[in-house]
>>> print(open('target07.cif').read())   # mmCIF, C-alpha atoms
data_coords
loop_
_atom_site.label_atom_id
_atom_site.label_comp_id
_atom_site.auth_asym_id
_atom_site.auth_seq_id
_atom_site.Cartn_x
_atom_site.Cartn_y
_atom_site.Cartn_z
CA MET A 1416 124.15 -185.94 -118.53
CA VAL A 1417 121.72 -188.90 -118.40
CA VAL A 1418 121.80 -189.03 -114.60
CA TRP A 1419 120.56 -185.44 -114.30
CA SER A 1420 117.57 -186.19 -116.55
CA ASP A 1421 116.37 -188.87 -114.14
CA PRO A 1422 113.14 -187.58 -112.52
CA ARG A 1423 114.06 -189.05 -109.13
CA VAL A 1424 117.38 -187.19 -109.19
CA GLN A 1425 115.69 -183.99 -110.35
CA LYS A 1426 113.21 -184.20 -107.46
CA LEU A 1427 115.90 -184.59 -104.80
CA ALA A 1428 118.11 -181.93 -106.44
CA LYS A 1429 115.58 -179.30 -105.36
CA GLU A 1430 116.74 -179.76 -101.76
CA PHE A 1431 120.25 -178.58 -102.69
CA VAL A 1432 121.87 -175.50 -104.12
CA CYS A 1433 123.25 -177.31 -107.18
CA THR A 1434 126.39 -176.09 -108.85
CA THR A 1435 128.95 -177.22 -111.37
CA GLU A 1436 132.62 -176.29 -111.43
CA GLU A 1437 135.86 -177.02 -113.25
CA VAL A 1438 137.54 -179.53 -110.94
CA ASP A 1439 141.11 -178.43 -111.61
CA ILE A 1440 140.47 -175.02 -110.10
CA LEU A 1441 139.07 -176.62 -106.96
CA PHE A 1442 141.85 -179.21 -106.69
CA PRO A 1443 144.78 -177.92 -108.77
CA ARG A 1444 147.30 -180.54 -109.77
CA ASN A 1445 150.01 -178.67 -111.65
CA GLU A 1446 152.59 -176.48 -109.97
CA TRP A 1447 151.56 -173.24 -111.65
CA LEU A 1448 147.90 -173.61 -110.70
CA ILE A 1449 148.74 -174.75 -107.18
CA ASN A 1450 150.75 -171.54 -106.63
CA HIS A 1451 148.32 -169.33 -108.49
CA LEU A 1452 145.38 -170.60 -106.40
CA LYS A 1453 147.09 -171.07 -103.04
CA ASN A 1454 144.84 -168.50 -101.31
CA ASP A 1455 141.72 -169.23 -103.33
CA PRO A 1456 138.71 -169.74 -101.02
CA ALA A 1457 137.15 -172.38 -103.30
CA VAL A 1458 140.35 -174.48 -103.13
CA ARG A 1459 140.50 -174.10 -99.38
CA LEU A 1460 136.91 -175.17 -99.01
CA PHE A 1461 136.96 -178.13 -101.40
CA ARG A 1462 140.48 -179.50 -101.01
CA ASP A 1463 141.40 -178.48 -97.48
CA VAL A 1464 138.11 -178.62 -95.58
CA TYR A 1465 135.76 -180.96 -97.42
CA GLY A 1466 138.47 -183.21 -98.86
CA LYS A 1467 140.03 -183.88 -95.46
CA GLN A 1468 136.72 -185.31 -94.21
CA ALA A 1469 135.83 -187.39 -97.28
CA PRO A 1470 136.23 -191.15 -96.81
CA ARG A 1471 139.03 -192.70 -98.87
CA GLN A 1472 136.77 -194.86 -101.02
CA HIS A 1473 135.30 -191.63 -102.47
CA TRP A 1474 138.42 -189.43 -102.37
CA ASP A 1475 141.78 -190.62 -103.67
CA PRO A 1476 144.40 -189.05 -101.36
CA ASN A 1477 146.96 -188.95 -104.19
CA PRO A 1478 147.24 -185.20 -104.96
CA GLN A 1479 147.96 -185.94 -108.61
CA LYS A 1480 144.71 -187.81 -109.16
CA THR A 1481 141.70 -186.00 -110.56
CA LYS A 1482 138.83 -185.35 -108.21
CA GLN A 1483 136.07 -185.41 -110.78
CA GLY A 1484 132.82 -186.42 -109.16
CA VAL A 1485 129.65 -185.41 -107.41
CA TYR A 1486 129.90 -184.07 -103.88
CA ALA A 1487 127.53 -182.81 -101.19
CA MET A 1488 128.57 -180.44 -98.41
CA MET A 1489 127.39 -177.77 -96.04
CA PRO A 1490 128.40 -174.15 -96.85
CA ASP A 1491 131.24 -174.45 -94.31
CA GLY A 1492 132.60 -177.54 -96.11
CA THR A 1493 131.18 -180.11 -93.69
CA TYR A 1494 131.15 -183.42 -95.55
CA LEU A 1495 127.70 -184.83 -96.30
CA SER A 1496 128.44 -187.31 -99.08
CA GLY A 1497 130.44 -187.79 -102.25
CA ARG A 1498 131.12 -190.10 -105.16
CA PHE A 1499 134.29 -190.01 -107.17
CA VAL A 1500 133.34 -190.00 -110.90
CA GLY A 1501 129.84 -190.89 -109.80
CA THR A 1502 127.59 -190.64 -112.81
CA ARG A 1503 125.01 -193.42 -112.66
CA PRO A 1504 121.53 -192.48 -111.39
CA ASN A 1505 121.57 -195.01 -108.55
CA GLN A 1506 124.97 -193.79 -107.35
CA VAL A 1507 123.81 -190.19 -107.34
CA LEU A 1508 120.50 -191.06 -105.65
CA GLU A 1509 122.39 -192.92 -102.93
CA LEU A 1510 124.69 -189.91 -102.51
CA MET A 1511 121.80 -187.47 -102.32
CA ASN A 1512 119.82 -189.53 -99.81
CA GLU A 1513 122.90 -190.01 -97.66
CA ALA A 1514 123.59 -186.26 -97.79
CA LEU A 1515 120.03 -185.32 -96.94
CA GLU A 1516 119.95 -187.70 -93.97
CA LYS A 1517 123.08 -186.02 -92.53
CA TRP A 1518 121.81 -182.58 -93.43
CA ASN A 1519 118.51 -183.13 -91.62
CA ARG A 1520 120.48 -184.07 -88.50
CA ILE A 1521 122.56 -180.90 -88.83
CA VAL A 1522 119.41 -178.81 -89.28
CA ARG A 1523 118.23 -180.01 -85.86
CA GLU A 1524 121.63 -179.71 -84.18
CA ARG A 1525 122.35 -176.22 -85.50
CA ASN A 1526 118.75 -175.04 -85.33
CA LEU A 1527 118.78 -174.05 -89.00
CA ARG A 1528 115.77 -172.58 -90.80
CA PRO A 1529 115.93 -173.92 -94.37
CA LYS A 1530 114.24 -171.94 -97.09
CA PRO A 1531 113.25 -173.23 -100.55
CA VAL A 1532 116.00 -173.13 -103.16
CA PRO A 1533 114.95 -170.91 -106.08
CA GLN A 1534 114.32 -173.22 -109.03
CA THR A 1535 115.34 -170.91 -111.82
CA GLU A 1536 116.34 -172.09 -115.27
CA ALA A 1537 119.88 -173.49 -115.18
CA LEU A 1538 122.43 -170.69 -115.21
CA SER A 1539 119.71 -168.08 -115.63
CA THR A 1540 121.24 -165.47 -113.29
CA TRP A 1541 124.67 -166.01 -114.81
CA LYS A 1542 123.34 -165.72 -118.37
CA LYS A 1543 121.32 -162.61 -117.54
CA ASN A 1544 124.36 -160.93 -116.00
CA LYS A 1545 126.50 -161.86 -118.98
CA ARG A 1546 123.92 -160.49 -121.41
CA GLU A 1547 124.00 -157.16 -119.60
CA GLU A 1548 127.78 -157.06 -119.28
CA LEU A 1549 128.69 -158.20 -122.80
CA GLY A 1550 127.93 -157.34 -126.40
CA LEU A 1551 127.28 -160.98 -127.22
CA HIS A 1552 127.22 -164.08 -125.04
CA ILE A 1553 127.24 -166.85 -127.62
CA GLU A 1554 126.26 -170.42 -126.81
CA LEU A 1555 128.24 -172.90 -128.90
CA HIS A 1556 127.44 -176.55 -129.46
CA PHE A 1557 129.73 -179.08 -131.11
CA ARG A 1558 128.72 -182.34 -132.74
CA ASP A 1559 130.16 -184.77 -135.29
CA LEU A 1560 128.21 -184.65 -138.53
CA PRO A 1561 127.06 -187.77 -140.41
CA ARG A 1562 129.82 -189.73 -142.15
CA GLN A 1563 129.46 -191.39 -145.52
CA GLY A 1564 129.17 -195.13 -145.35
CA THR A 1565 129.25 -195.53 -141.57
CA GLN A 1566 127.29 -194.68 -138.45
CA HIS A 1567 130.31 -195.05 -136.17
CA THR A 1568 133.47 -193.15 -135.55
CA ASN A 1569 136.80 -194.95 -135.87
CA HIS A 1570 136.97 -195.11 -132.08
CA GLY A 1571 133.64 -196.87 -131.75
CA LYS A 1572 131.24 -194.06 -130.88
CA LYS A 1573 127.92 -193.57 -132.63
CA VAL A 1574 128.31 -190.53 -134.86
CA GLY A 1575 126.20 -187.65 -133.64
CA GLU A 1576 125.36 -189.13 -130.26
CA HIS A 1577 127.83 -186.94 -128.35
CA PHE A 1578 127.86 -183.19 -128.20
CA ASN A 1579 129.48 -180.51 -126.10
CA THR A 1580 128.66 -176.96 -125.15
CA THR A 1581 130.66 -173.88 -124.31
CA TRP A 1582 130.32 -170.10 -124.35
CA LEU A 1583 132.10 -167.33 -126.16
CA GLU A 1584 132.08 -163.72 -125.01
CA LEU A 1585 132.25 -160.70 -127.27
CA SER A 1586 132.56 -157.27 -125.71
CA LYS A 1587 130.19 -154.51 -126.74
CA THR A 1588 132.83 -153.10 -129.09
CA GLU A 1589 133.56 -156.49 -130.61
CA ALA A 1590 129.88 -157.25 -131.13
CA GLN A 1591 129.37 -153.86 -132.78
CA SER A 1592 131.84 -154.84 -135.49
CA LEU A 1593 129.40 -157.55 -136.60
CA VAL A 1594 126.83 -154.86 -137.42
CA PRO A 1595 127.26 -153.83 -141.06
CA THR A 1596 126.54 -150.34 -142.28
CA SER A 1597 125.21 -151.32 -145.69
CA THR A 1598 123.68 -154.05 -147.81
CA SER A 1599 127.08 -154.75 -149.40
CA TRP A 1600 129.30 -157.43 -147.91
CA GLN A 1601 131.75 -156.02 -145.37
CA THR A 1602 134.69 -157.89 -143.89
CA VAL A 1603 134.59 -158.33 -140.12
CA PRO A 1604 137.78 -156.96 -138.48
CA ASN A 1605 140.57 -159.46 -137.85
CA ASN A 1606 140.43 -159.22 -134.06
CA VAL A 1607 136.80 -160.40 -133.99
CA ARG A 1608 137.32 -162.94 -136.76
CA ASN A 1609 140.29 -164.33 -134.83
CA LYS A 1610 138.33 -164.59 -131.61
CA LEU A 1611 135.41 -166.38 -133.27
CA PHE A 1612 137.80 -168.79 -134.99
CA THR A 1613 140.29 -169.45 -132.19
CA HIS A 1614 137.82 -169.67 -129.32
CA GLY A 1615 134.80 -170.96 -131.20
CA LEU A 1616 135.84 -173.43 -133.87
CA LYS A 1617 137.38 -176.11 -131.69
CA ASP A 1618 136.91 -179.86 -131.69
CA ILE A 1619 135.54 -180.52 -128.21
CA VAL A 1620 132.86 -183.06 -129.07
CA TYR A 1621 134.36 -185.69 -126.77
CA GLY A 1622 136.64 -183.68 -124.49
CA GLN A 1623 138.66 -180.51 -124.23
CA SER A 1624 140.85 -178.61 -126.65
CA PRO A 1625 142.86 -175.44 -126.06
CA ASN A 1626 142.00 -172.39 -128.13
CA TRP A 1627 143.74 -172.18 -131.49
CA LYS A 1628 146.58 -169.68 -131.64
CA PRO A 1629 146.22 -166.76 -134.08
CA HIS A 1630 149.05 -168.16 -136.19
CA ASP A 1631 147.03 -171.39 -136.62
CA ILE A 1632 144.61 -169.41 -138.83
CA ARG A 1633 146.00 -170.32 -142.24
CA ALA A 1634 143.18 -168.59 -144.09
CA GLY A 1635 139.67 -167.33 -143.50
CA SER A 1636 137.32 -164.42 -143.39
CA ILE A 1637 133.93 -163.47 -142.04
CA LYS A 1638 131.66 -161.06 -143.91
CA VAL A 1639 128.38 -159.45 -142.96
CA ARG A 1640 125.77 -157.39 -144.75
CA ARG A 1641 122.39 -155.87 -143.92
CA GLY A 1642 119.33 -157.86 -144.91
CA LYS A 1643 115.65 -157.18 -144.43
CA THR A 1644 114.31 -154.89 -141.75
CA THR A 1645 111.34 -156.26 -139.81
CA ARG A 1646 109.40 -155.11 -136.80
CA SER A 1647 111.91 -157.01 -134.60
CA GLY A 1648 114.92 -155.35 -136.16
CA THR A 1649 117.39 -155.61 -138.99
CA VAL A 1650 118.56 -159.00 -140.16
CA ILE A 1651 122.33 -159.32 -140.59
CA GLU A 1652 123.52 -161.98 -142.99
CA LEU A 1653 126.85 -163.62 -142.18
CA MET A 1654 129.10 -165.84 -144.25
CA GLY A 1655 132.63 -167.04 -143.73
CA ASP A 1656 135.30 -169.59 -144.43
CA PHE A 1657 138.15 -170.86 -142.30
CA ASP A 1658 141.22 -173.08 -142.36
CA LEU A 1659 142.77 -173.72 -138.94
CA LYS A 1660 145.78 -175.98 -138.48
CA ASP A 1661 148.44 -176.70 -135.92
CA HIS A 1662 150.92 -179.54 -135.39
CA SER A 1663 148.27 -182.01 -134.25
CA HIS A 1664 144.93 -181.15 -135.81
CA GLN A 1665 143.05 -179.18 -138.45
CA PHE A 1666 139.56 -177.86 -139.03
CA SER A 1667 138.50 -176.14 -142.25
CA GLY A 1668 135.12 -175.26 -143.67
CA LYS A 1669 132.47 -172.61 -144.01
CA MET A 1670 130.17 -170.52 -141.83
CA LEU A 1671 126.72 -169.19 -142.58
CA GLY A 1672 123.83 -167.68 -140.71
CA LYS A 1673 121.94 -164.65 -139.52
CA LEU A 1674 121.88 -162.24 -136.64
CA LEU A 1675 119.22 -159.75 -135.60
CA TRP A 1676 120.04 -156.16 -134.70
CA SER A 1677 117.42 -154.50 -132.50
CA PRO A 1678 117.31 -150.73 -132.87
CA LYS A 1679 115.19 -150.55 -129.72
CA ASP A 1680 117.77 -152.41 -127.58
CA LYS A 1681 120.71 -151.09 -129.65
CA ARG A 1682 122.31 -154.52 -129.67
CA ILE A 1683 122.33 -157.86 -131.44
CA THR A 1684 119.57 -159.89 -129.84
CA ARG A 1685 119.62 -163.10 -131.88
CA MET A 1686 122.26 -165.16 -133.60
CA GLU A 1687 121.89 -168.38 -135.57
CA VAL A 1688 125.12 -169.30 -137.30
CA VAL A 1689 126.58 -172.66 -138.20
CA ALA A 1690 130.12 -173.64 -139.06
CA THR A 1691 130.62 -176.98 -140.80
CA GLY A 1692 133.67 -178.55 -142.29
CA THR A 1693 136.26 -181.28 -142.09
CA ARG A 1694 138.46 -181.96 -139.11
CA THR A 1695 141.50 -184.19 -138.78
CA GLY A 1696 143.80 -185.13 -135.93
CA GLY A 1697 143.26 -184.46 -132.26
CA THR A 1698 144.49 -182.70 -129.16
CA THR A 1699 145.81 -184.09 -125.89
CA PHE A 1700 142.48 -184.17 -124.09
CA ASN A 1701 139.82 -184.22 -126.81
CA PHE A 1702 139.64 -188.02 -127.02
CA ARG A 1703 140.17 -188.31 -130.77
CA ASN A 1704 142.69 -191.17 -130.41
CA ARG A 1705 142.01 -193.67 -133.22
CA ASP A 1706 139.59 -191.22 -134.81
CA GLU A 1707 142.10 -188.84 -136.39
CA ALA A 1708 141.07 -189.42 -140.02
CA ALA A 1709 139.21 -186.67 -141.85
CA ALA A 1710 135.56 -186.43 -140.84
CA PRO A 1711 132.87 -183.75 -140.77
CA LEU A 1712 132.31 -181.58 -137.70
CA GLY A 1713 129.64 -178.98 -136.97
CA VAL A 1714 129.52 -176.04 -134.59
CA SER A 1715 126.39 -173.99 -133.92
CA LEU A 1716 126.68 -170.43 -132.59
CA ILE A 1717 123.47 -169.26 -130.97
CA VAL A 1718 122.20 -166.25 -129.11
CA ARG A 1719 118.57 -166.49 -128.09
CA MET B 601 102.66 -158.03 -143.69
CA VAL B 602 102.55 -161.78 -144.44
CA MET B 603 106.31 -161.78 -145.06
CA LEU B 604 106.86 -159.89 -141.77
CA ARG B 605 104.92 -162.49 -139.81
CA MET B 606 106.75 -165.30 -141.59
CA SER B 607 110.16 -163.88 -140.77
CA LEU B 608 109.21 -163.58 -137.08
CA LEU B 609 107.87 -167.11 -137.14
CA VAL B 610 111.14 -168.36 -138.60
CA TRP B 611 113.13 -167.01 -135.65
CA LEU B 612 110.67 -168.38 -133.12
CA THR B 613 110.59 -171.93 -134.45
CA VAL B 614 114.33 -172.50 -133.97
CA GLY B 615 114.62 -175.11 -131.29
CA SER B 616 111.70 -177.21 -132.47
CA GLY B 617 113.78 -180.37 -132.12
CA TYR B 618 114.09 -181.17 -135.83
CA THR B 619 117.20 -183.28 -136.07
CA ALA B 620 117.36 -184.99 -139.48
CA PRO B 621 120.56 -183.81 -141.17
CA PRO B 622 120.54 -182.02 -144.52
CA ASN B 623 122.04 -183.77 -147.54
CA SER B 624 125.03 -181.46 -147.91
CA THR B 625 127.45 -180.60 -145.09
CA GLU B 626 128.22 -177.26 -146.73
CA PRO B 627 126.09 -174.62 -145.05
CA LYS B 628 123.73 -172.85 -147.44
CA SER B 629 120.86 -170.44 -146.97
CA THR B 630 118.52 -173.37 -147.61
CA ASN B 631 120.00 -175.70 -144.98
CA TYR B 632 121.94 -173.78 -142.31
CA ARG B 633 119.02 -173.75 -139.93
CA GLU B 634 118.61 -177.52 -140.29
CA TRP B 635 122.28 -177.95 -139.42
CA ILE B 636 121.84 -175.80 -136.34
CA GLU B 637 118.92 -177.97 -135.24
CA TYR B 638 120.98 -181.10 -135.85
CA ILE B 639 123.96 -179.85 -133.86
CA ARG B 640 122.35 -178.15 -130.91
CA PRO B 641 121.00 -180.37 -128.10
CA SER B 642 117.49 -181.73 -128.50
CA ALA B 643 114.86 -181.26 -125.79
CA ASP B 644 115.74 -184.72 -124.50
CA GLU B 645 119.44 -183.90 -124.34
CA GLU B 646 118.69 -180.71 -122.44
CA LYS B 647 116.62 -182.35 -119.69
CA TRP B 648 119.55 -181.91 -117.32
CA ARG B 649 118.82 -178.19 -117.40
CA ALA B 650 115.64 -178.88 -115.43
CA ILE B 651 117.98 -178.77 -112.43
CA ALA B 652 118.68 -175.20 -111.35
CA TRP B 653 122.45 -175.38 -111.88
CA ARG B 654 124.69 -172.54 -110.80
CA ASN B 655 128.15 -172.66 -112.41
CA LYS B 656 130.56 -171.45 -109.72
CA LEU B 657 131.12 -172.95 -106.29
CA MET B 658 131.63 -169.88 -104.09
CA PRO B 659 128.47 -167.96 -105.14
CA ALA B 660 126.58 -171.23 -104.55
CA VAL B 661 128.15 -171.42 -101.08
CA GLU B 662 126.96 -167.89 -100.29
CA GLU B 663 123.50 -168.69 -101.53
CA ALA B 664 123.37 -171.93 -99.51
CA LYS B 665 124.44 -170.04 -96.37
CA LYS B 666 121.53 -167.61 -96.78
CA LEU B 667 119.07 -170.45 -97.42
CA ASP B 668 120.43 -172.85 -94.75
CA ARG B 669 120.73 -175.47 -97.50
CA PRO B 670 123.33 -178.03 -98.52
CA ILE B 671 125.33 -177.79 -101.74
CA LEU B 672 125.48 -180.40 -104.46
CA LEU B 673 128.65 -179.94 -106.49
CA TRP B 674 129.26 -181.61 -109.86
CA ALA B 675 132.95 -181.15 -110.64
CA MET B 676 134.58 -182.24 -113.89
CA ASN B 677 137.52 -181.48 -116.14
CA GLY B 678 135.77 -178.84 -118.18
CA ASN B 679 132.93 -177.13 -116.35
CA PRO B 680 129.86 -179.27 -117.09
CA CYS B 681 127.92 -176.10 -117.82
CA GLY B 682 130.24 -175.14 -120.64
CA GLU B 683 133.37 -172.94 -120.56
CA THR B 684 135.35 -175.94 -121.74
#
>>> encode(input="target07.cif", output="structure tokens")
Amino acid sequence: MVVWSDPRVQKLAKEFVCTTEEVDILFPRNEWLINHLKNDPAVRLFRDVYGKQAPRQHWDPNPQKTKQGVYAMMPDGTYLSGRFVGTRPNQVLELMNEALEKWNRIVRERNLRPKPVPQTEALSTWKKNKREELGLHIELHFRDLPRQGTQHTNHGKKVGEHFNTTWLELSKTEAQSLVPTSTSWQTVPNNVRNKLFTHGLKDIVYGQSPNWKPHDIRAGSIKVRRGKTTRSGTVIELMGDFDLKDHSHQFSGKMLGKLLWSPKDKRITRMEVVATGTRTGGTTFNFRNRDEAAAPLGVSLIVR
Amino acid sequence: MVMLRMSLLVWLTVGSGYTAPPNSTEPKSTNYREWIEYIRPSADEEKWRAIAWRNKLMPAVEEAKKLDRPILLWAMNGNPCGET
């Protein structure tokens, strides 16, 4: 993330339509995905058009090797530049300058008429569309919480320095079940509880984890009740507890927070909930090797 | 009326960048907001959002075609914009 905070990189980025993507759906490496995506236009563009032009020092030809990196191309896949796993500012600056030099040549050759790239807030169109489509589009952040007696994890990272972000979608019907009908505590239905737990309470601080399975929920509940009504709407108080465990890891703890129901918009418009507890173990790709011992983990669930 | 204004103010000040952790990891009504501030990215950590990231390649391709612009693609295991 540091590279993208560099002001020189940010300045040059305005010349591009910048996008992120999950690399394994652009360059699938397992048999199921390869078959599933064989006619996918993004795969064709990235792997079959762009990839075939990329020089070998920036594109490992081994089809089993990941293609994580930063790449620049024309909309038809014409190669402009690329860096495999390129994450340092100077690498990315070099890539961008190289790409822009080639692009400027193509502009002249193809008689293109470039227009300014709209500089909207990152993901703003996507988030706006999701807000309209869904009941709740929840932004989740994950971070290790302070540990007693040490500032470092057992695998040498500084506690709290890393975080990760993902999103959780609740349909309109699912979100409605978080709206209580009275000031007494009401239990949230199991389907919504399960979704919040299995999709939301993962350890992905350093990498990736699959969703929990429903049978990994050993115990837990989420309850809501109506709080104060203000000019903005009705406050919903939320509390919960959870105990999630499978063969390789566990996360158990409590949840607490508030939501805001807007009678004008007829939807939940704000959410500030935190889940904190103790995790142990790890998953195949969440980079908890040597840091499996019990330690505190926090997840924030936000709608703003 | 004072309480009304205060409750609005409380919502609006989330995201102020306060990051010192509370004393207890158990979330309580007195500390849950501090934990949220500790966990969620600070303004510094969110600087990368100053770049106008889209999060899917093909819509970006369509947009770049219309604008006669190149595409910069950041591809990782786990979409860097979330959806991990």
>>> residues_around(input="target07.cif", residues="Tyr1494 (chain A)", least_positions_apart="5", cutoff="8 Å", atoms="only C-alpha atoms", output="PyMOL selection string")
chain A and resi 1465+1468-1469+1487-1489
>>> residues_near_point(input="target07.cif", point="(127.5, -159.9, -145.7)", cutoff="6 Å", atoms="only C-alpha atoms", output="PyMOL selection string")
chain A and resi 1600-1601+1638-1640+1652-1653
>>> interface_residues(input="target07.cif", of="chain B", to="chain A", cutoff="7 Å", atoms="all atoms listed in the file", output="mmCIF file with C-alpha atoms, in the coordinates of the input")
data_model
loop_
_atom_site.group_PDB
_atom_site.id
_atom_site.type_symbol
_atom_site.label_atom_id
_atom_site.label_comp_id
_atom_site.auth_asym_id
_atom_site.auth_seq_id
_atom_site.Cartn_x
_atom_site.Cartn_y
_atom_site.Cartn_z
ATOM 1 C CA LEU B 604 106.860 -159.890 -141.770
ATOM 2 C CA THR B 625 127.450 -180.600 -145.090
ATOM 3 C CA GLU B 626 128.220 -177.260 -146.730
ATOM 4 C CA PRO B 627 126.090 -174.620 -145.050
ATOM 5 C CA LYS B 628 123.730 -172.850 -147.440
ATOM 6 C CA TYR B 632 121.940 -173.780 -142.310
ATOM 7 C CA TRP B 635 122.280 -177.950 -139.420
ATOM 8 C CA ILE B 636 121.840 -175.800 -136.340
ATOM 9 C CA ILE B 639 123.960 -179.850 -133.860
ATOM 10 C CA ARG B 640 122.350 -178.150 -130.910
ATOM 11 C CA LYS B 647 116.620 -182.350 -119.690
ATOM 12 C CA TRP B 648 119.550 -181.910 -117.320
ATOM 13 C CA ARG B 649 118.820 -178.190 -117.400
ATOM 14 C CA ALA B 650 115.640 -178.880 -115.430
ATOM 15 C CA ILE B 651 117.980 -178.770 -112.430
ATOM 16 C CA ALA B 652 118.680 -175.200 -111.350
ATOM 17 C CA TRP B 653 122.450 -175.380 -111.880
ATOM 18 C CA ARG B 654 124.690 -172.540 -110.800
ATOM 19 C CA ASN B 655 128.150 -172.660 -112.410
ATOM 20 C CA LYS B 656 130.560 -171.450 -109.720
ATOM 21 C CA LEU B 657 131.120 -172.950 -106.290
ATOM 22 C CA MET B 658 131.630 -169.880 -104.090
ATOM 23 C CA ALA B 660 126.580 -171.230 -104.550
ATOM 24 C CA VAL B 661 128.150 -171.420 -101.080
ATOM 25 C CA ALA B 664 123.370 -171.930 -99.510
ATOM 26 C CA LYS B 665 124.440 -170.040 -96.370
ATOM 27 C CA LEU B 667 119.070 -170.450 -97.420
ATOM 28 C CA ASP B 668 120.430 -172.850 -94.750
ATOM 29 C CA ARG B 669 120.730 -175.470 -97.500
ATOM 30 C CA PRO B 670 123.330 -178.030 -98.520
ATOM 31 C CA ILE B 671 125.330 -177.790 -101.740
ATOM 32 C CA LEU B 672 125.480 -180.400 -104.460
ATOM 33 C CA LEU B 673 128.650 -179.940 -106.490
ATOM 34 C CA TRP B 674 129.260 -181.610 -109.860
ATOM 35 C CA ALA B 675 132.950 -181.150 -110.640
ATOM 36 C CA MET B 676 134.580 -182.240 -113.890
ATOM 37 C CA ASN B 677 137.520 -181.480 -116.140
ATOM 38 C CA GLY B 678 135.770 -178.840 -118.180
ATOM 39 C CA ASN B 679 132.930 -177.130 -116.350
ATOM 40 C CA PRO B 680 129.860 -179.270 -117.090
ATOM 41 C CA CYS B 681 127.920 -176.100 -117.820
ATOM 42 C CA GLY B 682 130.240 -175.140 -120.640
ATOM 43 C CA GLU B 683 133.370 -172.940 -120.560
ATOM 44 C CA THR B 684 135.350 -175.940 -121.740
#
>>> atom_distance(input="target07.cif", atom1="CA of Asp1631 (chain A)", atom2="CA of Thr1698 (chain A)")
13.8 Å
>>> atom_distance(input="target07.cif", atom1="CA of His1662 (chain A)", atom2="CA of Asn1606 (chain A)")
22.9 Å
>>> atom_distance(input="target07.cif", atom1="CA of Asn1505 (chain A)", atom2="CA of Val1464 (chain A)")
26.7 Å
>>> resolve_selection(input="target07.cif", expression="the PyMOL selection byres ((chain A and resi 1704-1707) around 8)", output="list in words")
Thr1568, Asn1569, His1570, Thr1695, Gly1696, Gly1697, Phe1702, Arg1703, Ala1708 and Ala1709 of chain A
>>> resolve_selection(input="target07.cif", expression="the PyMOL selection byres ((chain A and resi 1634) around 7)", output="PyMOL selection string")
chain A and resi 1632-1633+1635+1657-1658
>>> residues_around(input="target07.cif", residues="Asp1680 (chain A)", least_positions_apart="3", cutoff="12 Å", atoms="only C-alpha atoms", output="list in words")
Arg1546, Glu1547, Gly1550, Ser1647, Gly1648, Thr1649, Leu1675, Trp1676, Ser1677, Ile1683, Thr1684 and Arg1685 of chain A
>>> decode(input="target07.cif", residues="region 1546-1554 of chain A", atoms="N, CA, C and O atoms", output="PDB file, in the first residue's frame")
ATOM      1  N   ARG A1546     -24.626   0.040  -2.743  1.00  0.00           N
ATOM      2  CA  ARG A1546     -25.547   0.613  -1.738  1.00  0.00           C
ATOM      3  C   ARG A1546     -26.970   0.562  -2.247  1.00  0.00           C
ATOM      4  O   ARG A1546     -27.904   0.313  -1.496  1.00  0.00           O
ATOM      5  N   GLU A1547     -27.147   0.821  -3.543  1.00  0.00           N
ATOM      6  CA  GLU A1547     -28.498   0.823  -4.114  1.00  0.00           C
ATOM      7  C   GLU A1547     -29.032  -0.596  -4.268  1.00  0.00           C
ATOM      8  O   GLU A1547     -30.202  -0.861  -4.067  1.00  0.00           O
ATOM      9  N   GLU A1548     -28.145  -1.513  -4.588  1.00  0.00           N
ATOM     10  CA  GLU A1548     -28.565  -2.892  -4.873  1.00  0.00           C
ATOM     11  C   GLU A1548     -28.850  -3.660  -3.588  1.00  0.00           C
ATOM     12  O   GLU A1548     -29.750  -4.500  -3.539  1.00  0.00           O
ATOM     13  N   LEU A1549     -28.071  -3.384  -2.524  1.00  0.00           N
ATOM     14  CA  LEU A1549     -28.093  -4.221  -1.331  1.00  0.00           C
ATOM     15  C   LEU A1549     -28.840  -3.572  -0.168  1.00  0.00           C
ATOM     16  O   LEU A1549     -29.143  -2.385  -0.197  1.00  0.00           O
ATOM     17  N   GLY A1550     -29.079  -4.383   0.868  1.00  0.00           N
ATOM     18  CA  GLY A1550     -29.588  -3.833   2.123  1.00  0.00           C
ATOM     19  C   GLY A1550     -28.460  -3.202   2.923  1.00  0.00           C
ATOM     20  O   GLY A1550     -28.589  -2.116   3.474  1.00  0.00           O
ATOM     21  N   LEU A1551     -27.323  -3.906   2.964  1.00  0.00           N
ATOM     22  CA  LEU A1551     -26.149  -3.374   3.647  1.00  0.00           C
ATOM     23  C   LEU A1551     -24.888  -3.790   2.900  1.00  0.00           C
ATOM     24  O   LEU A1551     -24.748  -4.959   2.545  1.00  0.00           O
ATOM     25  N   HIS A1552     -24.008  -2.862   2.669  1.00  0.00           N
ATOM     26  CA  HIS A1552     -22.702  -3.158   2.080  1.00  0.00           C
ATOM     27  C   HIS A1552     -21.682  -2.785   3.151  1.00  0.00           C
ATOM     28  O   HIS A1552     -21.369  -1.618   3.343  1.00  0.00           O
ATOM     29  N   ILE A1553     -21.226  -3.789   3.876  1.00  0.00           N
ATOM     30  CA  ILE A1553     -20.452  -3.544   5.097  1.00  0.00           C
ATOM     31  C   ILE A1553     -18.957  -3.605   4.783  1.00  0.00           C
ATOM     32  O   ILE A1553     -18.478  -4.562   4.164  1.00  0.00           O
ATOM     33  N   GLU A1554     -18.243  -2.601   5.219  1.00  0.00           N
ATOM     34  CA  GLU A1554     -16.788  -2.573   5.058  1.00  0.00           C
ATOM     35  C   GLU A1554     -16.172  -3.175   6.329  1.00  0.00           C
ATOM     36  O   GLU A1554     -16.467  -2.718   7.437  1.00  0.00           O
TER      37      GLU A1554
END
